[in-house]
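Structure data (mmCIF, C-alpha atoms) from my_file-v9.cif:
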```
data_start
#
loop_
_atom_site.label_atom_id
_atom_site.label_comp_id
_atom_site.auth_asym_id
_atom_site.auth_seq_id
_atom_site.Cartn_x
_atom_site.Cartn_y
_atom_site.Cartn_z
CA MET A 246 -49.69 2.39 16.28
CA SER A 247 -48.61 -0.90 17.58
CA SER A 248 -44.99 -1.28 18.42
CA GLY A 249 -42.70 -3.88 16.97
CA SER A 250 -39.04 -4.84 16.91
CA GLU A 251 -36.67 -2.60 14.94
CA GLY A 252 -35.62 -5.43 12.66
CA ASN A 253 -39.13 -6.25 11.45
CA PRO A 254 -41.32 -3.65 9.73
CA VAL A 255 -44.90 -3.38 11.03
CA VAL A 256 -48.05 -2.40 9.26
CA GLY A 257 -48.15 1.33 8.62
CA ALA A 258 -44.40 1.83 9.25
CA ASP A 259 -42.05 3.43 6.73
CA PRO A 260 -41.03 1.14 3.89
CA PRO A 261 -37.54 -0.36 4.10
CA ASP A 262 -34.59 1.10 2.19
CA GLU A 263 -34.82 -1.56 -0.55
CA GLU A 264 -38.37 -0.48 -1.40
CA LEU A 265 -37.37 3.19 -1.40
CA ALA A 266 -34.56 2.37 -3.81
CA LEU A 267 -37.00 0.66 -6.14
CA LYS A 268 -39.44 3.59 -5.98
CA LYS A 269 -36.77 6.22 -6.76
CA PRO A 270 -37.29 8.05 -10.04
CA GLN A 271 -35.15 6.77 -12.88
CA GLY A 272 -33.48 10.17 -13.30
CA LEU A 273 -32.39 10.16 -9.65
CA GLN A 274 -30.97 6.66 -9.97
CA GLU A 275 -29.02 7.72 -13.07
CA MET A 276 -27.66 10.77 -11.24
CA GLU A 277 -26.50 8.57 -8.34
CA GLY A 278 -24.87 6.19 -10.82
CA LEU A 279 -23.06 9.08 -12.49
CA THR A 280 -21.93 10.38 -9.09
CA SER A 281 -20.55 6.96 -8.18
CA ALA A 282 -18.79 6.68 -11.55
CA ASN A 283 -17.28 10.14 -11.14
CA GLU A 284 -16.02 9.20 -7.67
CA ASP A 285 -14.38 6.09 -9.11
CA LYS A 286 -12.75 8.13 -11.87
CA THR A 287 -11.51 10.68 -9.34
CA MET A 288 -10.07 7.91 -7.14
CA SER A 289 -8.39 6.30 -10.17
CA ALA A 290 -6.93 9.64 -11.26
CA ASN A 291 -5.65 10.33 -7.74
CA LEU A 292 -3.94 6.92 -7.60
CA LYS A 293 -2.50 7.48 -11.08
CA TYR A 294 -0.91 10.81 -10.26
CA LEU A 295 0.13 9.66 -6.79
CA SER A 296 1.99 6.68 -8.24
CA LEU A 297 3.64 8.91 -10.84
CA GLY A 298 4.63 11.46 -8.20
CA ILE A 299 6.19 8.69 -6.12
CA LEU A 300 8.01 7.39 -9.23
CA VAL A 301 9.49 10.84 -9.94
CA PHE A 302 10.55 11.17 -6.30
CA GLN A 303 11.99 7.66 -6.11
CA THR A 304 13.90 7.85 -9.41
CA THR A 305 15.35 11.29 -8.80
CA SER A 306 16.17 10.67 -5.14
CA LEU A 307 17.84 7.32 -5.84
CA VAL A 308 20.11 8.70 -8.56
CA LEU A 309 21.14 11.77 -6.56
CA THR A 310 21.62 10.04 -3.19
CA MET A 311 23.48 7.15 -4.79
CA ARG A 312 25.77 9.59 -6.63
CA TYR A 313 26.31 11.65 -3.47
CA SER A 314 26.98 8.57 -1.33
CA ARG A 315 29.61 7.28 -3.79
CA THR A 316 31.47 10.61 -4.02
CA LEU A 317 31.17 11.77 -0.39
CA LYS A 318 34.56 11.87 1.33
CA GLU A 319 34.41 10.43 4.84
CA GLU A 320 36.81 8.90 7.28
CA GLY A 321 36.97 5.13 7.33
CA PRO A 322 35.98 2.61 4.65
CA ARG A 323 33.21 3.39 2.17
CA TYR A 324 30.19 1.08 2.09
CA LEU A 325 30.34 -1.80 -0.36
CA SER A 326 27.85 -1.54 -3.23
CA SER A 327 27.64 -5.35 -3.43
CA THR A 328 26.31 -5.59 0.12
CA ALA A 329 23.88 -2.72 -0.51
CA VAL A 330 22.39 -4.68 -3.43
CA VAL A 331 21.83 -7.72 -1.20
CA VAL A 332 20.19 -5.68 1.58
CA ALA A 333 17.90 -4.00 -0.98
CA GLU A 334 16.78 -7.41 -2.26
CA LEU A 335 15.99 -8.59 1.28
CA LEU A 336 13.97 -5.43 1.98
CA LYS A 337 12.05 -5.96 -1.28
CA ILE A 338 11.19 -9.51 -0.22
CA MET A 339 9.89 -8.27 3.13
CA ALA A 340 7.78 -5.57 1.46
CA CYS A 341 6.24 -8.06 -0.99
CA ILE A 342 5.46 -10.55 1.78
CA LEU A 343 3.64 -7.76 3.64
CA LEU A 344 1.64 -6.95 0.49
CA VAL A 345 0.69 -10.62 0.01
CA TYR A 346 -0.25 -10.74 3.71
CA LYS A 347 -2.51 -7.72 3.17
CA ASP A 348 -4.10 -9.31 0.08
CA SER A 349 -4.77 -12.50 2.07
CA LYS A 350 -6.90 -10.48 4.55
CA CYS A 351 -4.08 -10.29 7.13
CA SER A 352 -4.21 -14.02 7.84
CA LEU A 353 -0.92 -15.73 8.64
CA ARG A 354 -2.42 -19.10 7.78
CA ALA A 355 -3.53 -17.85 4.36
CA LEU A 356 -0.13 -16.21 3.79
CA ASN A 357 1.68 -19.45 4.65
CA ARG A 358 -0.59 -21.41 2.31
CA ILE A 359 -0.07 -18.97 -0.58
CA LEU A 360 3.73 -18.95 -0.21
CA HIS A 361 3.79 -22.75 0.09
CA ASP A 362 1.48 -23.37 -2.88
CA GLU A 363 2.85 -20.71 -5.23
CA ILE A 364 6.58 -21.01 -4.50
CA LEU A 365 7.55 -24.31 -2.83
CA ASN A 366 5.03 -26.47 -4.70
CA LYS A 367 5.95 -24.95 -8.07
CA PRO A 368 9.75 -25.32 -8.24
CA MET A 369 9.96 -25.10 -12.03
CA GLU A 370 7.91 -21.90 -12.10
CA THR A 371 10.14 -20.46 -9.39
CA LEU A 372 13.34 -21.47 -11.22
CA LYS A 373 12.23 -19.50 -14.29
CA LEU A 374 12.93 -16.33 -12.32
CA ALA A 375 16.61 -17.25 -11.79
CA ILE A 376 17.66 -15.85 -15.20
CA PRO A 377 16.09 -12.36 -14.94
CA SER A 378 17.02 -12.22 -11.27
CA GLY A 379 20.71 -12.77 -12.02
CA ILE A 380 20.59 -10.11 -14.73
CA TYR A 381 18.82 -7.62 -12.43
CA THR A 382 21.47 -8.24 -9.77
CA LEU A 383 24.20 -7.48 -12.31
CA GLN A 384 22.30 -4.37 -13.39
CA ASN A 385 21.94 -3.06 -9.82
CA ASN A 386 25.67 -3.44 -9.24
CA LEU A 387 26.41 -1.69 -12.54
CA LEU A 388 24.33 1.32 -11.50
CA TYR A 389 26.64 1.88 -8.53
CA VAL A 390 29.65 1.67 -10.86
CA ALA A 391 28.04 4.12 -13.30
CA LEU A 392 27.16 6.70 -10.65
CA SER A 393 30.62 6.43 -9.14
CA ASN A 394 32.04 7.60 -12.48
CA LEU A 395 29.35 9.79 -14.08
CA ASP A 396 27.40 12.81 -12.89
CA ALA A 397 23.70 12.29 -12.16
CA ALA A 398 22.44 14.27 -15.17
CA THR A 399 24.55 12.43 -17.77
CA TYR A 400 23.67 9.11 -16.18
CA GLN A 401 19.92 9.85 -16.17
CA VAL A 402 19.78 10.81 -19.84
CA THR A 403 22.06 8.00 -21.05
CA TYR A 404 20.17 5.38 -19.05
CA GLN A 405 17.06 6.12 -21.14
CA LEU A 406 18.66 3.96 -23.84
CA LYS A 407 16.92 1.12 -21.98
CA ILE A 408 13.82 2.20 -23.97
CA LEU A 409 15.68 1.22 -27.15
CA THR A 410 16.92 -2.12 -25.80
CA THR A 411 13.51 -2.96 -24.33
CA ALA A 412 11.83 -2.21 -27.66
CA LEU A 413 14.30 -4.36 -29.62
CA PHE A 414 13.95 -7.30 -27.21
CA SER A 415 10.15 -6.92 -27.29
CA VAL A 416 10.19 -7.22 -31.07
CA SER A 417 12.49 -10.25 -31.05
CA MET A 418 11.16 -12.12 -27.99
CA LEU A 419 7.49 -11.15 -27.79
CA SER A 420 6.89 -10.54 -31.52
CA LYS A 421 5.59 -7.05 -30.76
CA LYS A 422 5.03 -4.65 -33.62
CA LEU A 423 6.21 -1.07 -33.24
CA GLY A 424 4.41 1.80 -34.92
CA VAL A 425 5.92 4.59 -36.99
CA TYR A 426 5.98 6.95 -33.98
CA GLN A 427 7.83 4.38 -31.86
CA TRP A 428 10.52 3.72 -34.48
CA LEU A 429 10.92 7.46 -34.95
CA SER A 430 11.23 7.94 -31.19
CA LEU A 431 14.04 5.35 -31.05
CA VAL A 432 16.01 7.23 -33.72
CA ILE A 433 15.51 10.51 -31.82
CA LEU A 434 16.53 8.77 -28.59
CA MET A 435 19.83 7.51 -30.01
CA THR A 436 20.57 10.96 -31.47
CA GLY A 437 19.83 12.64 -28.12
CA VAL A 438 22.08 10.28 -26.14
CA ALA A 439 24.87 10.79 -28.70
CA PHE A 440 24.63 14.57 -28.13
CA VAL A 441 24.70 14.10 -24.36
CA GLN A 442 27.89 12.04 -24.61
CA TRP A 443 29.51 14.53 -27.01
CA PRO A 444 32.81 15.71 -25.49
CA SER A 445 32.87 19.36 -24.41
CA ASP A 446 35.29 21.86 -22.94
CA SER A 447 33.67 21.53 -19.50
CA GLN A 448 34.53 17.83 -19.44
CA GLU A 449 38.16 18.68 -20.14
CA LEU A 450 38.16 21.17 -17.28
CA ASP A 451 36.77 18.53 -14.94
CA SER A 452 39.49 16.04 -15.87
CA LYS A 453 41.19 16.69 -12.56
CA GLN A 454 38.22 15.18 -10.70
CA LEU A 455 37.19 12.53 -13.22
CA SER A 456 39.67 10.99 -15.63
CA ALA A 457 38.76 9.94 -19.16
CA GLY A 458 39.16 6.35 -18.05
CA SER A 459 36.58 6.66 -15.30
CA GLN A 460 34.20 8.42 -17.72
CA PHE A 461 34.58 5.47 -20.10
CA VAL A 462 33.99 2.98 -17.27
CA GLY A 463 30.84 4.84 -16.26
CA LEU A 464 29.55 4.93 -19.84
CA MET A 465 30.22 1.21 -20.37
CA ALA A 466 28.44 0.43 -17.08
CA VAL A 467 25.36 2.41 -18.16
CA LEU A 468 25.24 0.82 -21.61
CA THR A 469 25.58 -2.69 -20.16
CA ALA A 470 22.86 -1.87 -17.61
CA CYS A 471 20.60 -0.70 -20.47
CA PHE A 472 20.98 -4.01 -22.31
CA SER A 473 20.50 -6.06 -19.14
CA SER A 474 17.46 -3.98 -18.16
CA GLY A 475 15.88 -4.43 -21.59
CA PHE A 476 16.39 -8.19 -21.73
CA ALA A 477 15.42 -8.88 -18.12
CA GLY A 478 12.34 -6.65 -18.34
CA VAL A 479 11.01 -8.36 -21.48
CA TYR A 480 11.84 -11.82 -20.12
CA PHE A 481 9.99 -10.99 -16.89
CA GLU A 482 7.01 -9.67 -18.88
CA LYS A 483 6.91 -12.90 -20.88
CA ILE A 484 6.85 -14.98 -17.68
CA LEU A 485 4.07 -12.83 -16.19
CA LYS A 486 1.95 -13.34 -19.32
CA GLU A 487 2.44 -17.11 -19.32
CA THR A 488 1.40 -17.63 -15.68
CA LYS A 489 -1.33 -16.39 -13.36
CA GLN A 490 0.83 -15.72 -10.31
CA SER A 491 0.61 -12.25 -8.80
CA VAL A 492 3.35 -9.72 -9.43
CA TRP A 493 4.13 -9.69 -5.68
CA ILE A 494 4.79 -13.45 -5.66
CA ARG A 495 7.01 -13.03 -8.69
CA ASN A 496 8.93 -10.25 -6.95
CA ILE A 497 9.46 -12.49 -3.91
CA GLN A 498 10.93 -15.12 -6.23
CA LEU A 499 13.11 -12.49 -7.93
CA GLY A 500 14.29 -11.20 -4.57
CA PHE A 501 15.13 -14.72 -3.37
CA PHE A 502 17.40 -15.47 -6.32
CA GLY A 503 18.69 -11.90 -6.31
CA SER A 504 19.83 -12.32 -2.71
CA ILE A 505 21.66 -15.54 -3.57
CA PHE A 506 23.39 -14.06 -6.62
CA GLY A 507 24.16 -10.91 -4.65
CA LEU A 508 25.79 -12.87 -1.83
CA MET A 509 27.86 -14.75 -4.40
CA GLY A 510 29.04 -11.39 -5.75
CA VAL A 511 29.91 -10.20 -2.24
CA TYR A 512 31.97 -13.34 -1.62
CA ILE A 513 33.79 -13.22 -4.98
CA TYR A 514 34.55 -9.49 -5.23
CA ASP A 515 34.46 -8.16 -1.66
CA GLY A 516 34.89 -11.25 0.51
CA GLU A 517 38.25 -10.11 1.84
CA LEU A 518 36.96 -6.64 2.76
CA VAL A 519 33.86 -8.09 4.44
CA SER A 520 35.95 -10.48 6.55
CA LYS A 521 38.20 -7.58 7.54
CA ASN A 522 35.71 -4.75 8.25
CA GLY A 523 32.31 -6.47 8.36
CA PHE A 524 29.27 -6.74 6.07
CA PHE A 525 27.87 -3.33 7.04
CA GLN A 526 31.16 -1.42 6.89
CA GLY A 527 30.73 2.26 6.02
CA TYR A 528 26.93 2.18 6.43
CA ASN A 529 25.31 5.40 7.61
CA ARG A 530 21.92 7.09 7.29
CA LEU A 531 22.56 8.06 3.69
CA THR A 532 23.49 4.48 2.80
CA TRP A 533 20.26 3.17 4.30
CA ILE A 534 18.26 5.78 2.36
CA VAL A 535 19.91 4.59 -0.88
CA VAL A 536 19.17 0.95 -0.03
CA ILE A 537 15.50 1.64 0.82
CA LEU A 538 14.98 3.71 -2.33
CA GLN A 539 16.47 0.94 -4.45
CA ALA A 540 14.25 -1.66 -2.78
CA LEU A 541 11.15 0.46 -3.45
CA GLY A 542 12.01 0.89 -7.13
CA GLY A 543 10.39 -2.31 -8.40
CA LEU A 544 7.29 -1.84 -6.26
CA VAL A 545 6.77 1.73 -7.49
CA ILE A 546 7.11 0.68 -11.13
CA ALA A 547 4.56 -2.10 -10.55
CA ALA A 548 2.12 0.49 -9.18
CA VAL A 549 2.72 2.80 -12.15
CA ILE A 550 2.12 -0.04 -14.61
CA LYS A 551 -1.16 -0.79 -12.81
CA TYR A 552 -2.54 2.75 -12.50
CA ALA A 553 -0.84 4.87 -15.21
CA ASP A 554 -0.16 4.72 -18.93
CA ASN A 555 2.98 5.03 -21.05
CA ILE A 556 2.56 8.74 -21.78
CA LEU A 557 2.31 9.67 -18.11
CA LYS A 558 5.20 7.36 -17.29
CA GLY A 559 7.23 9.17 -19.95
CA PHE A 560 6.25 12.47 -18.37
CA ALA A 561 7.48 11.23 -14.98
CA THR A 562 10.78 10.09 -16.52
CA SER A 563 11.25 13.44 -18.26
CA LEU A 564 10.53 15.37 -15.08
CA SER A 565 13.04 13.19 -13.23
CA ILE A 566 15.71 13.99 -15.84
CA ILE A 567 15.09 17.73 -15.49
CA LEU A 568 15.17 17.59 -11.67
CA SER A 569 18.35 15.48 -11.68
CA THR A 570 20.04 17.97 -14.01
CA LEU A 571 19.09 20.98 -11.90
CA ILE A 572 20.02 19.39 -8.57
CA SER A 573 23.25 17.97 -9.99
CA TYR A 574 24.24 21.47 -11.11
CA PHE A 575 23.08 23.53 -8.11
CA TRP A 576 23.52 21.08 -5.20
CA LEU A 577 26.09 18.42 -6.10
CA GLN A 578 27.99 20.89 -8.29
CA ASP A 579 29.55 18.07 -10.30
CA PHE A 580 27.96 18.97 -13.62
CA VAL A 581 28.18 21.99 -15.93
CA PRO A 582 25.45 21.85 -18.62
CA THR A 583 26.28 22.85 -22.19
CA SER A 584 24.08 23.76 -25.14
CA VAL A 585 24.84 20.38 -26.72
CA PHE A 586 23.78 18.58 -23.54
CA PHE A 587 20.52 20.55 -23.39
CA LEU A 588 19.79 19.69 -27.04
CA GLY A 589 20.43 16.02 -26.34
CA ALA A 590 18.29 16.06 -23.17
CA ILE A 591 15.39 17.70 -25.04
CA LEU A 592 15.63 15.04 -27.77
CA VAL A 593 15.62 12.25 -25.18
CA ILE A 594 12.61 13.74 -23.38
CA THR A 595 10.80 14.12 -26.74
CA ALA A 596 11.60 10.51 -27.63
CA THR A 597 10.27 9.33 -24.26
CA PHE A 598 6.92 11.03 -24.90
CA LEU A 599 6.75 9.94 -28.53
CA TYR A 600 7.41 6.27 -27.69
CA GLY A 601 4.34 6.20 -25.44
CA TYR A 602 2.15 8.13 -27.90
CA ASP A 603 -0.83 6.13 -29.12
CA PRO A 604 -2.66 8.00 -31.91
CA LYS A 605 -6.44 7.66 -31.75
CA PRO A 606 -8.11 6.52 -34.98
CA THR A 607 -9.86 9.40 -36.72
CA GLY A 608 -13.43 9.37 -37.96
CA ASN A 609 -16.66 8.05 -36.45
CA PRO A 610 -16.84 4.29 -36.01
CA THR A 611 -19.61 2.69 -38.04
CA LYS A 612 -22.08 0.47 -36.31
CA ALA A 613 -22.31 -3.10 -37.44
#
```

Would you give me this structure, written as structure tokens?
Amino acid sequence: MSSGSEGNPVVGADPPDEELALKKPQGLQEMEGLTSANEDKTMSANLKYLSLGILVFQTTSLVLTMRYSRTLKEEGPRYLSSTAVVVAELLKIMACILLVYKDSKCSLRALNRILHDEILNKPMETLKLAIPSGIYTLQNNLLYVALSNLDAATYQVTYQLKILTTALFSVSMLSKKLGVYQWLSLVILMTGVAFVQWPSDSQELDSKQLSAGSQFVGLMAVLTACFSSGFAGVYFEKILKETKQSVWIRNIQLGFFGSIFGLMGVYIYDGELVSKNGFFQGYNRLTWIVVILQALGGLVIAAVIKYADNILKGFATSLSIILSTLISYFWLQDFVPTSVFFLGAILVITATFLYGYDPKPTGNPTKA
């Protein structure tokens, strides 16, 4: 046989891969297609459960570490929650810029062009994020107040009222229609939260550590956070639907305004303490863990929205409630569960699943 270059086939040589692909039996091609589809499904399922696992870890860890950091007795001044909110917003901006940089094929020039075109050249689009950003900043500060006055388990269950507020704002602002199962789940949710907040003998015994006033402050903080979360979430969803900007760009805009509003809060409420002891007073490893977990919250939820569905998200929320209750009882030892609390928690978990339930239509579809 005559020799030739490797790039060019010669007479009598083996046919190239393209010809082999064309000559493959149809059954073999179908099997390869099924294999590729199965691999894609497996990858999608792995990403789905990975994102949900991270959500459970992030939600549970944030609540417990935040609660522990606000009740831990240490020498010296305690860290200021207002400064922690600002630092979390700055970390979120940095994380989103890195994600945009990755999406732009790790090109600084492309990153600079995207940020310039999507943020600086669209001032009105950017200003739309000022309203939800201010509300989110208020909400983040309220969560510190709530966990300074409520145990982690009670906070976790009560905070699920944001499902109710989100649903009501979705109906009024986005003209969404709720099904029978969703309306039923909202009734069950309110009943469950009412049971969780029902006064018990254990709460009276714990009055030495937490007064009734602080319990009321914590409850009001959670309820206000639920309303702010519902409104801001629906408002943000409406903006995302009206524009084609990526969710990472929108999070950068949210973080920018959040940092400004957060700094205003630091100046108004804690300006004197900051000037006396510094911006990072009382910060330690635990504080930084809380800040990082809070910064990751929005990014994790974005990943769950992309890869998972409502039912699995409800499962993750329910699992987080159970873990928070167990750890709050066994590790933090600031919570004594009662039968009424368990009944309320079960109702809330049931409502969370039911709200995401989407019944499949029965019967065989007829062909047109």

Find the residue from A:Ser349, A:Asn291, A:Thr304, A:Thr382 that sits nearest to Val545 in chain A; use all atoms listed in the file when measuring. A:Thr304

Near Thr410 in chain A, within 8 Å and counting all atoms listed in the file, which residues show up once chain neighbours fewer than 4 positions away are dropped, as a PyMOL selection string? chain A and resi 406+414+471-472+474-476

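With only C-alpha atoms as the atoms that count, the residue of A:Tyr602, A:Phe575, A:Phe525, A:Trp443 with the shortest distance to Ala590 in chain A is A:Trp443.
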
Skipping near chain neighbours, those fewer than 4 positions away, what residues fall within 12 Å of Ala439 in chain A using only C-alpha atoms, listed as a ChimeraX atom specification? /A:399,402-403,405-406,432-435,443-444,464,585-590,592-593

Evaluating the PyMOL selection byres ((chain A and resi 364) around 12) on the displayed file yields which residues, as a PDB file with C-alpha atoms, in the coordinates of the input?
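expr.pdb, freshly written:
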```pdb
ATOM      1  CA  LEU A 356      -0.130 -16.210   3.790  1.00  0.00           C
ATOM      2  CA  ASN A 357       1.680 -19.450   4.650  1.00  0.00           C
ATOM      3  CA  ARG A 358      -0.590 -21.410   2.310  1.00  0.00           C
ATOM      4  CA  ILE A 359      -0.070 -18.970  -0.580  1.00  0.00           C
ATOM      5  CA  LEU A 360       3.730 -18.950  -0.210  1.00  0.00           C
ATOM      6  CA  HIS A 361       3.790 -22.750   0.090  1.00  0.00           C
ATOM      7  CA  ASP A 362       1.480 -23.370  -2.880  1.00  0.00           C
ATOM      8  CA  GLU A 363       2.850 -20.710  -5.230  1.00  0.00           C
ATOM      9  CA  LEU A 365       7.550 -24.310  -2.830  1.00  0.00           C
ATOM     10  CA  ASN A 366       5.030 -26.470  -4.700  1.00  0.00           C
ATOM     11  CA  LYS A 367       5.950 -24.950  -8.070  1.00  0.00           C
ATOM     12  CA  PRO A 368       9.750 -25.320  -8.240  1.00  0.00           C
ATOM     13  CA  MET A 369       9.960 -25.100 -12.030  1.00  0.00           C
ATOM     14  CA  GLU A 370       7.910 -21.900 -12.100  1.00  0.00           C
ATOM     15  CA  THR A 371      10.140 -20.460  -9.390  1.00  0.00           C
ATOM     16  CA  LEU A 372      13.340 -21.470 -11.220  1.00  0.00           C
ATOM     17  CA  LYS A 373      12.230 -19.500 -14.290  1.00  0.00           C
ATOM     18  CA  LEU A 374      12.930 -16.330 -12.320  1.00  0.00           C
ATOM     19  CA  GLN A 490       0.830 -15.720 -10.310  1.00  0.00           C
ATOM     20  CA  SER A 491       0.610 -12.250  -8.800  1.00  0.00           C
ATOM     21  CA  TRP A 493       4.130  -9.690  -5.680  1.00  0.00           C
ATOM     22  CA  ILE A 494       4.790 -13.450  -5.660  1.00  0.00           C
ATOM     23  CA  ARG A 495       7.010 -13.030  -8.690  1.00  0.00           C
ATOM     24  CA  ASN A 496       8.930 -10.250  -6.950  1.00  0.00           C
ATOM     25  CA  ILE A 497       9.460 -12.490  -3.910  1.00  0.00           C
ATOM     26  CA  GLN A 498      10.930 -15.120  -6.230  1.00  0.00           C
ATOM     27  CA  LEU A 499      13.110 -12.490  -7.930  1.00  0.00           C
ATOM     28  CA  PHE A 501      15.130 -14.720  -3.370  1.00  0.00           C
TER      29      PHE A 501
END
```

Which residues fall under the PyMOL selection byres ((chain A and resi 310) around 10) in this file, as an NGL selection string? :A and (305-309 or 311-316 or 392 or 397 or 531-532 or 534-536 or 538 or 577)

Those residues with C-alpha atoms, as a short mmCIF file (atom, residue, chain, number, x, y, z; two decimals), in the coordinates of the input please?
```
data_model
loop_
_atom_site.label_atom_id
_atom_site.label_comp_id
_atom_site.auth_asym_id
_atom_site.auth_seq_id
_atom_site.Cartn_x
_atom_site.Cartn_y
_atom_site.Cartn_z
CA THR A 305 15.35 11.29 -8.80
CA SER A 306 16.17 10.67 -5.14
CA LEU A 307 17.84 7.32 -5.84
CA VAL A 308 20.11 8.70 -8.56
CA LEU A 309 21.14 11.77 -6.56
CA MET A 311 23.48 7.15 -4.79
CA ARG A 312 25.77 9.59 -6.63
CA TYR A 313 26.31 11.65 -3.47
CA SER A 314 26.98 8.57 -1.33
CA ARG A 315 29.61 7.28 -3.79
CA THR A 316 31.47 10.61 -4.02
CA LEU A 392 27.16 6.70 -10.65
CA ALA A 397 23.70 12.29 -12.16
CA LEU A 531 22.56 8.06 3.69
CA THR A 532 23.49 4.48 2.80
CA ILE A 534 18.26 5.78 2.36
CA VAL A 535 19.91 4.59 -0.88
CA VAL A 536 19.17 0.95 -0.03
CA LEU A 538 14.98 3.71 -2.33
CA LEU A 577 26.09 18.42 -6.10
#
```

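The smallest atom-to-atom distance between Leu325 in chain A and any of A:Ile537, A:Val390, A:Val462, A:Leu571, using only C-alpha atoms, is found for A:Val390.
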
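Rounded to one decimal, CA of Ile505 in chain A and CA of Gln384 in chain A lie 14.9 Å from each other.
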
Run the PyMOL selection byres ((chain A and resi 378) around 8) on the file and write out the hits as a count of residues only. 13

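For the pair CA of Val330 in chain A and CA of Gly543 in chain A, the interatomic distance is 13.2 Å.
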
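Proximity to Val519 in chain A was assessed for A:Ser327, A:Asn386, A:Thr583, A:Ser569 counting all atoms listed in the file; the smallest distance is recorded for A:Ser327.
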
What is the CA of Ile299 in chain A-CA of Ile566 in chain A distance in Å, reported with one decimal? 14.6 Å

Quick one: residues within 10 Å of (29.5, 18.8, -10.7) (file frame), counting only C-alpha atoms, please, as a PyMOL selection string. chain A and resi 395-398+451+454+572-582

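If only C-alpha atoms are the atoms counted, then among A:Ala470, A:Ile567, A:Ala333, A:Val479 the closest residue to Ala412 in chain A is A:Val479.
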
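Residues near the point (38.0, 1.0, 2.5), at a distance of 10 Å or less over all atoms listed in the file, make up A:Glu320, A:Gly321, A:Pro322, A:Arg323, A:Tyr324, A:Leu325, A:Leu518, A:Lys521, A:Asn522, A:Gln526, A:Gly527.
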
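Comparing A:Leu383, A:Ala561, A:Lys422, A:Gly463 by their smallest distance to Ser326 in chain A, the closest is A:Leu383 (using all atoms listed in the file).
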
As a CSV table (one decimal), keeping the file's coordinate frame, the rebuilt range 594-598 of chain A with all heavy atoms:
```csv
chain,number,residue,atom,x,y,z
A,594,ILE,N,13.9,13.5,-24.0
A,594,ILE,CA,12.6,13.7,-23.4
A,594,ILE,C,11.5,13.6,-24.5
A,594,ILE,O,10.5,13.0,-24.2
A,594,ILE,CB,12.6,15.1,-22.7
A,594,ILE,CG1,13.5,15.1,-21.4
A,594,ILE,CG2,11.1,15.5,-22.3
A,594,ILE,CD1,13.7,16.5,-20.8
A,595,THR,N,11.8,14.2,-25.6
A,595,THR,CA,10.8,14.1,-26.7
A,595,THR,C,10.6,12.7,-27.2
A,595,THR,O,9.5,12.2,-27.4
A,595,THR,CB,11.3,14.9,-27.9
A,595,THR,OG1,11.5,16.3,-27.5
A,595,THR,CG2,10.3,14.9,-29.1
A,596,ALA,N,11.7,11.9,-27.2
A,596,ALA,CA,11.6,10.5,-27.6
A,596,ALA,C,10.8,9.7,-26.6
A,596,ALA,O,10.0,8.8,-27.0
A,596,ALA,CB,13.0,9.9,-27.8
A,597,THR,N,11.0,10.0,-25.3
A,597,THR,CA,10.3,9.3,-24.3
A,597,THR,C,8.8,9.5,-24.4
A,597,THR,O,8.0,8.6,-24.3
A,597,THR,CB,10.7,9.8,-22.9
A,597,THR,OG1,12.2,9.7,-22.8
A,597,THR,CG2,10.1,9.0,-21.8
A,598,PHE,N,8.3,10.8,-24.7
A,598,PHE,CA,6.9,11.0,-24.9
A,598,PHE,C,6.4,10.3,-26.2
A,598,PHE,O,5.3,9.7,-26.2
A,598,PHE,CB,6.7,12.5,-25.0
A,598,PHE,CG,6.5,13.2,-23.7
A,598,PHE,CD1,7.5,14.0,-23.2
A,598,PHE,CD2,5.3,13.1,-23.0
A,598,PHE,CE1,7.3,14.7,-22.0
A,598,PHE,CE2,5.1,13.7,-21.8
A,598,PHE,CZ,6.1,14.5,-21.3
```
